[in-house]
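Structure first, then comments.
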Amino acid sequence: MQHFVKKSMITLGILAYAGSAMAGGYGFNSTIQQPVKAPANVEVEIGDDLAYRADHLPKNLKDRRVGRLNAAFANNGYYGQKELDYLQDRLEEKVEFAFAKYGLIENDNAGYLLKIILVDAVPDKPTFRQMSKDSSLSGQSFANGGATIESQLIGPDGNVLGEMSYKYYENDIEQAQFGATWSGAHKAIARFAKKSAMELSGRK
């Protein structure tokens, strides 16, 4: 499965590796210890499973919430490629804004790579593609949304130097009806951008 990649050049706080895989769970997780200023290339991707769900239901049955095959919204699939492109652009923009705010300046001469992957995203309201697949849906349909984002800091030698992740999903169904299509995912993206910038810059 092809990754969809956006790139930008940013001077980041390069951080020492502080362990192996990060623990799961909600909120921000990091294997970071101390920041070291150095240039890095930032690459934003859509994960393979999420990319597949642009035009399909999730491959893993545990990611589907109901049995009806045409229930695109309830089963977390058929988002539409345009929606994923939008989320990818949103993630890139928020990361660049947060990094600039915390003094992580753009630089074209980068030896390090910060690879950011939007692993999962769940909409609060149906996308246009989902409504075209399921006639029972409308703009008034709603559910709890959110997203999972993971990242790796890779050194010039290809070794992983550190990892960060953020996972957030709404739990108040009554509030979901008042949000936009991707309200929960927007919160996750904004919080990941801020927290990762703080972590990389050492400005907490």
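Just remember, in the structure tokens the first chain shown is A, the second B, etc., residues are 1-based per chain, and ligands are 1-based in the order shown.
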
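Look at A:Ser30: the protein and nucleic acid residues within 8 Å of it, using only C-alpha atoms and passing over chain neighbours fewer than 3 places away, are Met22, Gly162, Glu163, Met164 and Ser165 of chain A.
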
Could you write out that same residue set with N, CA, C and O atoms as a PDB file, in the first residue's frame?
```
ATOM      1  N   MET A  22       6.895   2.661  22.417  1.00  0.00           N
ATOM      2  CA  MET A  22       6.169   3.413  23.422  1.00  0.00           C
ATOM      3  C   MET A  22       4.993   2.623  23.936  1.00  0.00           C
ATOM      4  O   MET A  22       4.431   1.782  23.251  1.00  0.00           O
ATOM      5  N   GLY A 162      14.263   8.160  18.439  1.00  0.00           N
ATOM      6  CA  GLY A 162      13.201   8.429  19.395  1.00  0.00           C
ATOM      7  C   GLY A 162      11.847   8.364  18.736  1.00  0.00           C
ATOM      8  O   GLY A 162      11.742   8.444  17.512  1.00  0.00           O
ATOM      9  N   GLU A 163      10.826   8.201  19.549  1.00  0.00           N
ATOM     10  CA  GLU A 163       9.457   8.091  19.041  1.00  0.00           C
ATOM     11  C   GLU A 163       8.509   8.927  19.891  1.00  0.00           C
ATOM     12  O   GLU A 163       8.731   9.120  21.094  1.00  0.00           O
ATOM     13  N   MET A 164       7.452   9.436  19.251  1.00  0.00           N
ATOM     14  CA  MET A 164       6.386  10.141  19.953  1.00  0.00           C
ATOM     15  C   MET A 164       5.057   9.697  19.370  1.00  0.00           C
ATOM     16  O   MET A 164       4.977   9.331  18.200  1.00  0.00           O
ATOM     17  N   SER A 165       4.008   9.733  20.195  1.00  0.00           N
ATOM     18  CA  SER A 165       2.674   9.405  19.697  1.00  0.00           C
ATOM     19  C   SER A 165       1.633  10.167  20.492  1.00  0.00           C
ATOM     20  O   SER A 165       1.870  10.601  21.626  1.00  0.00           O
TER      21      SER A 165
END
```

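The residue set within 12 Å of A:Pro156, counting only C-alpha atoms and dropping same-chain residues fewer than 4 places from it, reads Ile14, Ala38, Pro39, Ala40, Asn41, Asn109, Ala110, Gly111, Tyr112, Leu113, Leu114, Val160 and Leu161 of chain A.
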
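With only C-alpha atoms as the basis for measurement, A:Lys167 is the residue among A:His56, A:Arg191, A:His186, A:Lys167 that approaches A:Asn29 most closely.
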
Item checked: Who sits within 9 Å of stretch 192-204 of chain A, only C-alpha atoms, same chain under 6 positions skipped, as a PyMOL selection string -> chain A and resi 12-15+27-28+30+32-37+91-92+94-104+149+164-167

Would you please give, as a PDB file with all heavy atoms, in the first residue's frame, all residues of stretch 19-156 of chain A that DSSP assigns to strand (DSSP E or B) based on the backbone?
```
ATOM      1  N   GLY A  27      -3.531   9.860  25.157  1.00  0.00           N
ATOM      2  CA  GLY A  27      -2.635  10.936  25.511  1.00  0.00           C
ATOM      3  C   GLY A  27      -1.314  10.847  24.769  1.00  0.00           C
ATOM      4  O   GLY A  27      -1.165  10.125  23.789  1.00  0.00           O
ATOM      5  N   PHE A  28      -0.350  11.608  25.259  1.00  0.00           N
ATOM      6  CA  PHE A  28       0.957  11.733  24.610  1.00  0.00           C
ATOM      7  C   PHE A  28       1.950  10.766  25.223  1.00  0.00           C
ATOM      8  O   PHE A  28       2.058  10.651  26.441  1.00  0.00           O
ATOM      9  CB  PHE A  28       1.456  13.164  24.781  1.00  0.00           C
ATOM     10  CG  PHE A  28       2.738  13.460  24.059  1.00  0.00           C
ATOM     11  CD1 PHE A  28       2.778  13.571  22.685  1.00  0.00           C
ATOM     12  CD2 PHE A  28       3.916  13.641  24.778  1.00  0.00           C
ATOM     13  CE1 PHE A  28       3.953  13.855  22.007  1.00  0.00           C
ATOM     14  CE2 PHE A  28       5.102  13.928  24.116  1.00  0.00           C
ATOM     15  CZ  PHE A  28       5.117  14.036  22.725  1.00  0.00           C
ATOM     16  N   ASN A  29       2.681  10.063  24.372  1.00  0.00           N
ATOM     17  CA  ASN A  29       3.743   9.157  24.804  1.00  0.00           C
ATOM     18  C   ASN A  29       5.022   9.496  24.048  1.00  0.00           C
ATOM     19  O   ASN A  29       4.974   9.912  22.893  1.00  0.00           O
ATOM     20  CB  ASN A  29       3.361   7.698  24.533  1.00  0.00           C
ATOM     21  CG  ASN A  29       2.237   7.227  25.424  1.00  0.00           C
ATOM     22  OD1 ASN A  29       2.418   6.987  26.604  1.00  0.00           O
ATOM     23  ND2 ASN A  29       1.047   7.113  24.847  1.00  0.00           N
ATOM     24  N   SER A  30       6.155   9.331  24.716  1.00  0.00           N
ATOM     25  CA  SER A  30       7.426   9.687  24.094  1.00  0.00           C
ATOM     26  C   SER A  30       8.561   8.839  24.648  1.00  0.00           C
ATOM     27  O   SER A  30       8.534   8.434  25.815  1.00  0.00           O
ATOM     28  CB  SER A  30       7.727  11.169  24.363  1.00  0.00           C
ATOM     29  OG  SER A  30       8.997  11.531  23.872  1.00  0.00           O
ATOM     30  N   ILE A  32      11.564  10.190  24.513  1.00  0.00           N
ATOM     31  CA  ILE A  32      12.494  11.313  24.444  1.00  0.00           C
ATOM     32  C   ILE A  32      13.069  11.619  25.818  1.00  0.00           C
ATOM     33  O   ILE A  32      12.378  11.533  26.808  1.00  0.00           O
ATOM     34  CB  ILE A  32      11.756  12.559  23.904  1.00  0.00           C
ATOM     35  CG1 ILE A  32      11.231  12.302  22.500  1.00  0.00           C
ATOM     36  CG2 ILE A  32      12.620  13.794  23.953  1.00  0.00           C
ATOM     37  CD1 ILE A  32      12.239  11.832  21.517  1.00  0.00           C
ATOM     38  N   GLN A  33      14.338  12.038  25.866  1.00  0.00           N
ATOM     39  CA  GLN A  33      14.938  12.499  27.114  1.00  0.00           C
ATOM     40  C   GLN A  33      15.337  13.958  27.019  1.00  0.00           C
ATOM     41  O   GLN A  33      14.661  14.811  27.580  1.00  0.00           O
ATOM     42  CB  GLN A  33      16.136  11.633  27.505  1.00  0.00           C
ATOM     43  CG  GLN A  33      15.715  10.295  28.126  1.00  0.00           C
ATOM     44  CD  GLN A  33      16.895   9.541  28.671  1.00  0.00           C
ATOM     45  OE1 GLN A  33      17.997   9.609  28.128  1.00  0.00           O
ATOM     46  NE2 GLN A  33      16.672   8.815  29.748  1.00  0.00           N
ATOM     47  N   GLN A  34      16.390  14.268  26.291  1.00  0.00           N
ATOM     48  CA  GLN A  34      16.839  15.660  26.236  1.00  0.00           C
ATOM     49  C   GLN A  34      16.973  16.158  24.804  1.00  0.00           C
ATOM     50  O   GLN A  34      17.349  15.412  23.910  1.00  0.00           O
ATOM     51  CB  GLN A  34      18.197  15.817  26.952  1.00  0.00           C
ATOM     52  CG  GLN A  34      19.305  14.973  26.357  1.00  0.00           C
ATOM     53  CD  GLN A  34      20.588  15.097  27.169  1.00  0.00           C
ATOM     54  OE1 GLN A  34      20.540  15.282  28.377  1.00  0.00           O
ATOM     55  NE2 GLN A  34      21.707  14.996  26.488  1.00  0.00           N
ATOM     56  N   PRO A  35      16.619  17.438  24.582  1.00  0.00           N
ATOM     57  CA  PRO A  35      16.683  17.998  23.227  1.00  0.00           C
ATOM     58  C   PRO A  35      18.096  18.405  22.831  1.00  0.00           C
ATOM     59  O   PRO A  35      18.901  18.813  23.663  1.00  0.00           O
ATOM     60  CB  PRO A  35      15.786  19.233  23.339  1.00  0.00           C
ATOM     61  CG  PRO A  35      15.915  19.641  24.757  1.00  0.00           C
ATOM     62  CD  PRO A  35      16.068  18.383  25.555  1.00  0.00           C
ATOM     63  N   VAL A  36      18.377  18.259  21.545  1.00  0.00           N
ATOM     64  CA  VAL A  36      19.630  18.737  20.965  1.00  0.00           C
ATOM     65  C   VAL A  36      19.276  19.419  19.653  1.00  0.00           C
ATOM     66  O   VAL A  36      18.736  18.794  18.754  1.00  0.00           O
ATOM     67  CB  VAL A  36      20.617  17.584  20.694  1.00  0.00           C
ATOM     68  CG1 VAL A  36      21.899  18.121  20.092  1.00  0.00           C
ATOM     69  CG2 VAL A  36      20.906  16.820  21.982  1.00  0.00           C
ATOM     70  N   LYS A  37      19.565  20.718  19.506  1.00  0.00           N
ATOM     71  CA  LYS A  37      19.189  21.451  18.303  1.00  0.00           C
ATOM     72  C   LYS A  37      19.938  20.913  17.084  1.00  0.00           C
ATOM     73  O   LYS A  37      21.161  20.823  17.082  1.00  0.00           O
ATOM     74  CB  LYS A  37      19.521  22.942  18.474  1.00  0.00           C
ATOM     75  CG  LYS A  37      18.695  23.645  19.543  1.00  0.00           C
ATOM     76  CD  LYS A  37      17.262  23.824  19.076  1.00  0.00           C
ATOM     77  CE  LYS A  37      16.469  24.649  20.078  1.00  0.00           C
ATOM     78  NZ  LYS A  37      15.099  24.884  19.625  1.00  0.00           N
ATOM     79  N   ALA A  38      19.178  20.607  16.050  1.00  0.00           N
ATOM     80  CA  ALA A  38      19.764  20.145  14.789  1.00  0.00           C
ATOM     81  C   ALA A  38      18.686  20.207  13.718  1.00  0.00           C
ATOM     82  O   ALA A  38      17.507  20.092  14.032  1.00  0.00           O
ATOM     83  CB  ALA A  38      20.311  18.727  14.922  1.00  0.00           C
ATOM     84  N   PRO A  39      19.051  20.392  12.466  1.00  0.00           N
ATOM     85  CA  PRO A  39      18.040  20.420  11.402  1.00  0.00           C
ATOM     86  C   PRO A  39      17.443  19.039  11.151  1.00  0.00           C
ATOM     87  O   PRO A  39      18.098  18.020  11.367  1.00  0.00           O
ATOM     88  CB  PRO A  39      18.825  20.913  10.184  1.00  0.00           C
ATOM     89  CG  PRO A  39      20.235  20.563  10.480  1.00  0.00           C
ATOM     90  CD  PRO A  39      20.398  20.668  11.954  1.00  0.00           C
ATOM     91  N   ALA A  40      16.190  19.033  10.702  1.00  0.00           N
ATOM     92  CA  ALA A  40      15.535  17.765  10.381  1.00  0.00           C
ATOM     93  C   ALA A  40      14.497  17.973   9.286  1.00  0.00           C
ATOM     94  O   ALA A  40      13.900  19.046   9.164  1.00  0.00           O
ATOM     95  CB  ALA A  40      14.880  17.167  11.610  1.00  0.00           C
ATOM     96  N   ASN A  41      14.298  16.946   8.521  1.00  0.00           N
ATOM     97  CA  ASN A  41      13.277  16.921   7.487  1.00  0.00           C
ATOM     98  C   ASN A  41      12.010  16.334   8.094  1.00  0.00           C
ATOM     99  O   ASN A  41      12.052  15.270   8.704  1.00  0.00           O
ATOM    100  CB  ASN A  41      13.784  16.062   6.329  1.00  0.00           C
ATOM    101  CG  ASN A  41      12.760  15.881   5.228  1.00  0.00           C
ATOM    102  OD1 ASN A  41      11.769  16.584   5.170  1.00  0.00           O
ATOM    103  ND2 ASN A  41      13.007  14.920   4.360  1.00  0.00           N
ATOM    104  N   VAL A  42      10.879  17.018   7.954  1.00  0.00           N
ATOM    105  CA  VAL A  42       9.611  16.523   8.480  1.00  0.00           C
ATOM    106  C   VAL A  42       8.786  15.918   7.343  1.00  0.00           C
ATOM    107  O   VAL A  42       8.562  16.553   6.325  1.00  0.00           O
ATOM    108  CB  VAL A  42       8.809  17.649   9.164  1.00  0.00           C
ATOM    109  CG1 VAL A  42       7.452  17.124   9.626  1.00  0.00           C
ATOM    110  CG2 VAL A  42       9.592  18.210  10.339  1.00  0.00           C
ATOM    111  N   GLU A  43       8.358  14.694   7.545  1.00  0.00           N
ATOM    112  CA  GLU A  43       7.596  13.961   6.532  1.00  0.00           C
ATOM    113  C   GLU A  43       6.283  13.508   7.146  1.00  0.00           C
ATOM    114  O   GLU A  43       6.277  12.802   8.149  1.00  0.00           O
ATOM    115  CB  GLU A  43       8.420  12.764   6.065  1.00  0.00           C
ATOM    116  CG  GLU A  43       7.807  11.955   4.941  1.00  0.00           C
ATOM    117  CD  GLU A  43       8.757  10.860   4.491  1.00  0.00           C
ATOM    118  OE1 GLU A  43       9.730  11.163   3.777  1.00  0.00           O
ATOM    119  OE2 GLU A  43       8.526   9.704   4.875  1.00  0.00           O
ATOM    120  N   VAL A  44       5.154  13.927   6.565  1.00  0.00           N
ATOM    121  CA  VAL A  44       3.829  13.587   7.081  1.00  0.00           C
ATOM    122  C   VAL A  44       3.181  12.573   6.147  1.00  0.00           C
ATOM    123  O   VAL A  44       3.090  12.811   4.941  1.00  0.00           O
ATOM    124  CB  VAL A  44       2.948  14.841   7.209  1.00  0.00           C
ATOM    125  CG1 VAL A  44       1.557  14.465   7.699  1.00  0.00           C
ATOM    126  CG2 VAL A  44       3.588  15.859   8.154  1.00  0.00           C
ATOM    127  N   GLU A  45       2.717  11.461   6.706  1.00  0.00           N
ATOM    128  CA  GLU A  45       2.146  10.383   5.912  1.00  0.00           C
ATOM    129  C   GLU A  45       0.782   9.958   6.449  1.00  0.00           C
ATOM    130  O   GLU A  45       0.473  10.156   7.628  1.00  0.00           O
ATOM    131  CB  GLU A  45       3.061   9.158   5.905  1.00  0.00           C
ATOM    132  CG  GLU A  45       4.464   9.411   5.414  1.00  0.00           C
ATOM    133  CD  GLU A  45       5.298   8.147   5.395  1.00  0.00           C
ATOM    134  OE1 GLU A  45       4.748   7.072   5.723  1.00  0.00           O
ATOM    135  OE2 GLU A  45       6.485   8.232   5.059  1.00  0.00           O
ATOM    136  N   ILE A  46       0.004   9.340   5.587  1.00  0.00           N
ATOM    137  CA  ILE A  46      -1.204   8.624   5.982  1.00  0.00           C
ATOM    138  C   ILE A  46      -0.828   7.152   6.096  1.00  0.00           C
ATOM    139  O   ILE A  46      -0.230   6.586   5.182  1.00  0.00           O
ATOM    140  CB  ILE A  46      -2.329   8.789   4.938  1.00  0.00           C
ATOM    141  CG1 ILE A  46      -2.734  10.259   4.813  1.00  0.00           C
ATOM    142  CG2 ILE A  46      -3.532   7.927   5.311  1.00  0.00           C
ATOM    143  CD1 ILE A  46      -3.343  10.863   6.053  1.00  0.00           C
ATOM    144  N   TYR A 112      18.513  14.773   9.524  1.00  0.00           N
ATOM    145  CA  TYR A 112      17.606  13.948  10.312  1.00  0.00           C
ATOM    146  C   TYR A 112      16.211  13.960   9.698  1.00  0.00           C
ATOM    147  O   TYR A 112      15.823  14.908   9.013  1.00  0.00           O
ATOM    148  CB  TYR A 112      17.532  14.456  11.755  1.00  0.00           C
ATOM    149  CG  TYR A 112      18.809  14.262  12.525  1.00  0.00           C
ATOM    150  CD1 TYR A 112      19.857  15.177  12.407  1.00  0.00           C
ATOM    151  CD2 TYR A 112      18.975  13.178  13.367  1.00  0.00           C
ATOM    152  CE1 TYR A 112      21.038  15.007  13.109  1.00  0.00           C
ATOM    153  CE2 TYR A 112      20.149  13.000  14.084  1.00  0.00           C
ATOM    154  CZ  TYR A 112      21.181  13.921  13.950  1.00  0.00           C
ATOM    155  OH  TYR A 112      22.349  13.741  14.649  1.00  0.00           O
ATOM    156  N   LEU A 113      15.432  12.913   9.981  1.00  0.00           N
ATOM    157  CA  LEU A 113      14.066  12.803   9.485  1.00  0.00           C
ATOM    158  C   LEU A 113      13.113  12.602  10.653  1.00  0.00           C
ATOM    159  O   LEU A 113      13.300  11.694  11.467  1.00  0.00           O
ATOM    160  CB  LEU A 113      13.953  11.623   8.520  1.00  0.00           C
ATOM    161  CG  LEU A 113      12.531  11.213   8.106  1.00  0.00           C
ATOM    162  CD1 LEU A 113      11.873  12.320   7.285  1.00  0.00           C
ATOM    163  CD2 LEU A 113      12.552   9.903   7.327  1.00  0.00           C
ATOM    164  N   LEU A 114      12.085  13.452  10.738  1.00  0.00           N
ATOM    165  CA  LEU A 114      10.983  13.223  11.654  1.00  0.00           C
ATOM    166  C   LEU A 114       9.811  12.726  10.818  1.00  0.00           C
ATOM    167  O   LEU A 114       9.208  13.481  10.056  1.00  0.00           O
ATOM    168  CB  LEU A 114      10.597  14.501  12.408  1.00  0.00           C
ATOM    169  CG  LEU A 114       9.468  14.299  13.421  1.00  0.00           C
ATOM    170  CD1 LEU A 114       9.917  13.392  14.568  1.00  0.00           C
ATOM    171  CD2 LEU A 114       8.956  15.632  13.952  1.00  0.00           C
ATOM    172  N   LYS A 115       9.526  11.459  10.949  1.00  0.00           N
ATOM    173  CA  LYS A 115       8.477  10.822  10.164  1.00  0.00           C
ATOM    174  C   LYS A 115       7.204  10.758  10.996  1.00  0.00           C
ATOM    175  O   LYS A 115       7.164  10.091  12.033  1.00  0.00           O
ATOM    176  CB  LYS A 115       8.911   9.414   9.747  1.00  0.00           C
ATOM    177  CG  LYS A 115       7.937   8.681   8.855  1.00  0.00           C
ATOM    178  CD  LYS A 115       8.526   7.330   8.448  1.00  0.00           C
ATOM    179  CE  LYS A 115       7.586   6.593   7.513  1.00  0.00           C
ATOM    180  NZ  LYS A 115       8.158   5.284   7.106  1.00  0.00           N
ATOM    181  N   ILE A 116       6.162  11.451  10.550  1.00  0.00           N
ATOM    182  CA  ILE A 116       4.892  11.522  11.269  1.00  0.00           C
ATOM    183  C   ILE A 116       3.837  10.769  10.478  1.00  0.00           C
ATOM    184  O   ILE A 116       3.661  11.005   9.279  1.00  0.00           O
ATOM    185  CB  ILE A 116       4.452  12.984  11.472  1.00  0.00           C
ATOM    186  CG1 ILE A 116       5.528  13.763  12.244  1.00  0.00           C
ATOM    187  CG2 ILE A 116       3.116  13.050  12.198  1.00  0.00           C
ATOM    188  CD1 ILE A 116       5.260  15.256  12.311  1.00  0.00           C
ATOM    189  N   ILE A 117       3.131   9.871  11.143  1.00  0.00           N
ATOM    190  CA  ILE A 117       2.119   9.052  10.472  1.00  0.00           C
ATOM    191  C   ILE A 117       0.760   9.236  11.149  1.00  0.00           C
ATOM    192  O   ILE A 117       0.638   9.041  12.359  1.00  0.00           O
ATOM    193  CB  ILE A 117       2.501   7.563  10.487  1.00  0.00           C
ATOM    194  CG1 ILE A 117       3.843   7.357   9.791  1.00  0.00           C
ATOM    195  CG2 ILE A 117       1.414   6.732   9.802  1.00  0.00           C
ATOM    196  CD1 ILE A 117       4.343   5.921   9.839  1.00  0.00           C
ATOM    197  N   LEU A 118      -0.236   9.633  10.370  1.00  0.00           N
ATOM    198  CA  LEU A 118      -1.608   9.632  10.846  1.00  0.00           C
ATOM    199  C   LEU A 118      -2.103   8.193  10.722  1.00  0.00           C
ATOM    200  O   LEU A 118      -2.429   7.726   9.644  1.00  0.00           O
ATOM    201  CB  LEU A 118      -2.468  10.588  10.021  1.00  0.00           C
ATOM    202  CG  LEU A 118      -3.928  10.739  10.454  1.00  0.00           C
ATOM    203  CD1 LEU A 118      -4.036  11.241  11.893  1.00  0.00           C
ATOM    204  CD2 LEU A 118      -4.679  11.665   9.506  1.00  0.00           C
ATOM    205  N   VAL A 119      -2.109   7.495  11.841  1.00  0.00           N
ATOM    206  CA  VAL A 119      -2.401   6.062  11.855  1.00  0.00           C
ATOM    207  C   VAL A 119      -3.895   5.794  11.735  1.00  0.00           C
ATOM    208  O   VAL A 119      -4.325   4.872  11.034  1.00  0.00           O
ATOM    209  CB  VAL A 119      -1.851   5.424  13.148  1.00  0.00           C
ATOM    210  CG1 VAL A 119      -2.226   3.947  13.235  1.00  0.00           C
ATOM    211  CG2 VAL A 119      -0.343   5.598  13.220  1.00  0.00           C
ATOM    212  N   ASP A 120      -4.690   6.603  12.430  1.00  0.00           N
ATOM    213  CA  ASP A 120      -6.132   6.380  12.447  1.00  0.00           C
ATOM    214  C   ASP A 120      -6.846   7.713  12.606  1.00  0.00           C
ATOM    215  O   ASP A 120      -6.323   8.640  13.238  1.00  0.00           O
ATOM    216  CB  ASP A 120      -6.517   5.451  13.604  1.00  0.00           C
ATOM    217  CG  ASP A 120      -8.002   5.171  13.656  1.00  0.00           C
ATOM    218  OD1 ASP A 120      -8.571   4.813  12.605  1.00  0.00           O
ATOM    219  OD2 ASP A 120      -8.611   5.302  14.738  1.00  0.00           O
ATOM    220  N   ALA A 121      -8.028   7.820  12.034  1.00  0.00           N
ATOM    221  CA  ALA A 121      -8.880   8.991  12.217  1.00  0.00           C
ATOM    222  C   ALA A 121     -10.322   8.538  12.103  1.00  0.00           C
ATOM    223  O   ALA A 121     -10.670   7.748  11.225  1.00  0.00           O
ATOM    224  CB  ALA A 121      -8.576  10.070  11.177  1.00  0.00           C
ATOM    225  N   VAL A 122     -11.151   9.028  13.014  1.00  0.00           N
ATOM    226  CA  VAL A 122     -12.575   8.690  13.036  1.00  0.00           C
ATOM    227  C   VAL A 122     -13.371   9.990  13.002  1.00  0.00           C
ATOM    228  O   VAL A 122     -13.161  10.865  13.842  1.00  0.00           O
ATOM    229  CB  VAL A 122     -12.930   7.883  14.300  1.00  0.00           C
ATOM    230  CG1 VAL A 122     -14.429   7.613  14.362  1.00  0.00           C
ATOM    231  CG2 VAL A 122     -12.153   6.569  14.327  1.00  0.00           C
ATOM    232  N   GLY A 146     -11.981  11.127  16.666  1.00  0.00           N
ATOM    233  CA  GLY A 146     -10.649  11.205  17.251  1.00  0.00           C
ATOM    234  C   GLY A 146      -9.595  10.732  16.273  1.00  0.00           C
ATOM    235  O   GLY A 146      -9.880  10.518  15.089  1.00  0.00           O
ATOM    236  N   ALA A 147      -8.381  10.565  16.765  1.00  0.00           N
ATOM    237  CA  ALA A 147      -7.285  10.152  15.884  1.00  0.00           C
ATOM    238  C   ALA A 147      -6.120   9.599  16.694  1.00  0.00           C
ATOM    239  O   ALA A 147      -5.985   9.872  17.892  1.00  0.00           O
ATOM    240  CB  ALA A 147      -6.811  11.325  15.028  1.00  0.00           C
ATOM    241  N   THR A 148      -5.286   8.838  16.009  1.00  0.00           N
ATOM    242  CA  THR A 148      -4.020   8.341  16.558  1.00  0.00           C
ATOM    243  C   THR A 148      -2.896   8.780  15.634  1.00  0.00           C
ATOM    244  O   THR A 148      -2.974   8.573  14.419  1.00  0.00           O
ATOM    245  CB  THR A 148      -4.017   6.804  16.662  1.00  0.00           C
ATOM    246  OG1 THR A 148      -5.051   6.397  17.568  1.00  0.00           O
ATOM    247  CG2 THR A 148      -2.682   6.287  17.169  1.00  0.00           C
ATOM    248  N   ILE A 149      -1.859   9.382  16.204  1.00  0.00           N
ATOM    249  CA  ILE A 149      -0.714   9.884  15.431  1.00  0.00           C
ATOM    250  C   ILE A 149       0.559   9.319  16.036  1.00  0.00           C
ATOM    251  O   ILE A 149       0.723   9.312  17.262  1.00  0.00           O
ATOM    252  CB  ILE A 149      -0.663  11.423  15.460  1.00  0.00           C
ATOM    253  CG1 ILE A 149      -1.987  12.009  14.953  1.00  0.00           C
ATOM    254  CG2 ILE A 149       0.507  11.946  14.617  1.00  0.00           C
ATOM    255  CD1 ILE A 149      -2.175  13.470  15.292  1.00  0.00           C
ATOM    256  N   GLU A 150       1.453   8.844  15.202  1.00  0.00           N
ATOM    257  CA  GLU A 150       2.737   8.310  15.651  1.00  0.00           C
ATOM    258  C   GLU A 150       3.859   8.978  14.878  1.00  0.00           C
ATOM    259  O   GLU A 150       3.669   9.428  13.743  1.00  0.00           O
ATOM    260  CB  GLU A 150       2.790   6.792  15.458  1.00  0.00           C
ATOM    261  CG  GLU A 150       1.742   6.037  16.272  1.00  0.00           C
ATOM    262  CD  GLU A 150       1.774   4.545  16.013  1.00  0.00           C
ATOM    263  OE1 GLU A 150       2.529   4.102  15.100  1.00  0.00           O
ATOM    264  OE2 GLU A 150       1.033   3.818  16.700  1.00  0.00           O
ATOM    265  N   SER A 151       5.037   9.037  15.480  1.00  0.00           N
ATOM    266  CA  SER A 151       6.184   9.634  14.780  1.00  0.00           C
ATOM    267  C   SER A 151       7.475   8.963  15.216  1.00  0.00           C
ATOM    268  O   SER A 151       7.571   8.424  16.327  1.00  0.00           O
ATOM    269  CB  SER A 151       6.265  11.142  15.058  1.00  0.00           C
ATOM    270  OG  SER A 151       6.519  11.382  16.429  1.00  0.00           O
ATOM    271  N   GLN A 152       8.458   9.014  14.344  1.00  0.00           N
ATOM    272  CA  GLN A 152       9.802   8.509  14.615  1.00  0.00           C
ATOM    273  C   GLN A 152      10.823   9.555  14.211  1.00  0.00           C
ATOM    274  O   GLN A 152      10.680  10.202  13.175  1.00  0.00           O
ATOM    275  CB  GLN A 152      10.092   7.230  13.824  1.00  0.00           C
ATOM    276  CG  GLN A 152       9.355   6.008  14.288  1.00  0.00           C
ATOM    277  CD  GLN A 152       9.810   4.775  13.535  1.00  0.00           C
ATOM    278  OE1 GLN A 152      10.169   4.834  12.356  1.00  0.00           O
ATOM    279  NE2 GLN A 152       9.806   3.634  14.197  1.00  0.00           N
ATOM    280  N   LEU A 153      11.824   9.702  15.035  1.00  0.00           N
ATOM    281  CA  LEU A 153      12.963  10.546  14.689  1.00  0.00           C
ATOM    282  C   LEU A 153      14.082   9.624  14.218  1.00  0.00           C
ATOM    283  O   LEU A 153      14.536   8.751  14.957  1.00  0.00           O
ATOM    284  CB  LEU A 153      13.416  11.352  15.901  1.00  0.00           C
ATOM    285  CG  LEU A 153      14.593  12.289  15.653  1.00  0.00           C
ATOM    286  CD1 LEU A 153      14.226  13.387  14.666  1.00  0.00           C
ATOM    287  CD2 LEU A 153      15.070  12.904  16.965  1.00  0.00           C
ATOM    288  N   ILE A 154      14.505   9.805  12.958  1.00  0.00           N
ATOM    289  CA  ILE A 154      15.478   8.918  12.329  1.00  0.00           C
ATOM    290  C   ILE A 154      16.752   9.696  12.040  1.00  0.00           C
ATOM    291  O   ILE A 154      16.709  10.787  11.465  1.00  0.00           O
ATOM    292  CB  ILE A 154      14.902   8.318  11.038  1.00  0.00           C
ATOM    293  CG1 ILE A 154      13.602   7.558  11.362  1.00  0.00           C
ATOM    294  CG2 ILE A 154      15.914   7.409  10.357  1.00  0.00           C
ATOM    295  CD1 ILE A 154      12.834   7.116  10.141  1.00  0.00           C
TER     296      ILE A 154
END
```

Checklist line | Backbone DSSP call of alpha helix (DSSP H) for stretch 143-203 of chain A, listed as a ChimeraX atom specification | finding: /A:173-176,183-201

Restricting the output to C-alpha atoms, write the selected residues as a PDB file, in the first residue's frame.
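Saved file selection_2.pdb follows:
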```pdb
ATOM      1  CA  ILE A 173     -21.598  11.437  22.495  1.00  0.00           C
ATOM      2  CA  GLU A 174     -23.869  14.379  23.354  1.00  0.00           C
ATOM      3  CA  GLN A 175     -21.138  16.864  22.440  1.00  0.00           C
ATOM      4  CA  ALA A 176     -20.273  15.107  19.172  1.00  0.00           C
ATOM      5  CA  SER A 183     -13.711  17.799  15.288  1.00  0.00           C
ATOM      6  CA  GLY A 184     -12.165  14.979  17.326  1.00  0.00           C
ATOM      7  CA  ALA A 185      -9.351  14.435  14.830  1.00  0.00           C
ATOM      8  CA  HIS A 186      -8.647  18.186  14.806  1.00  0.00           C
ATOM      9  CA  LYS A 187      -8.196  18.127  18.579  1.00  0.00           C
ATOM     10  CA  ALA A 188      -5.804  15.177  18.335  1.00  0.00           C
ATOM     11  CA  ILE A 189      -3.787  16.842  15.556  1.00  0.00           C
ATOM     12  CA  ALA A 190      -3.503  20.174  17.384  1.00  0.00           C
ATOM     13  CA  ARG A 191      -2.488  18.526  20.631  1.00  0.00           C
ATOM     14  CA  PHE A 192       0.079  16.270  18.979  1.00  0.00           C
ATOM     15  CA  ALA A 193       1.601  19.257  17.180  1.00  0.00           C
ATOM     16  CA  LYS A 194       1.916  21.292  20.365  1.00  0.00           C
ATOM     17  CA  LYS A 195       3.140  18.473  22.592  1.00  0.00           C
ATOM     18  CA  SER A 196       5.694  17.189  20.076  1.00  0.00           C
ATOM     19  CA  ALA A 197       7.023  20.716  19.521  1.00  0.00           C
ATOM     20  CA  MET A 198       7.377  21.181  23.273  1.00  0.00           C
ATOM     21  CA  GLU A 199       9.121  17.839  23.596  1.00  0.00           C
ATOM     22  CA  LEU A 200      11.519  18.455  20.727  1.00  0.00           C
ATOM     23  CA  SER A 201      12.388  21.987  21.804  1.00  0.00           C
TER      24      SER A 201
END
```
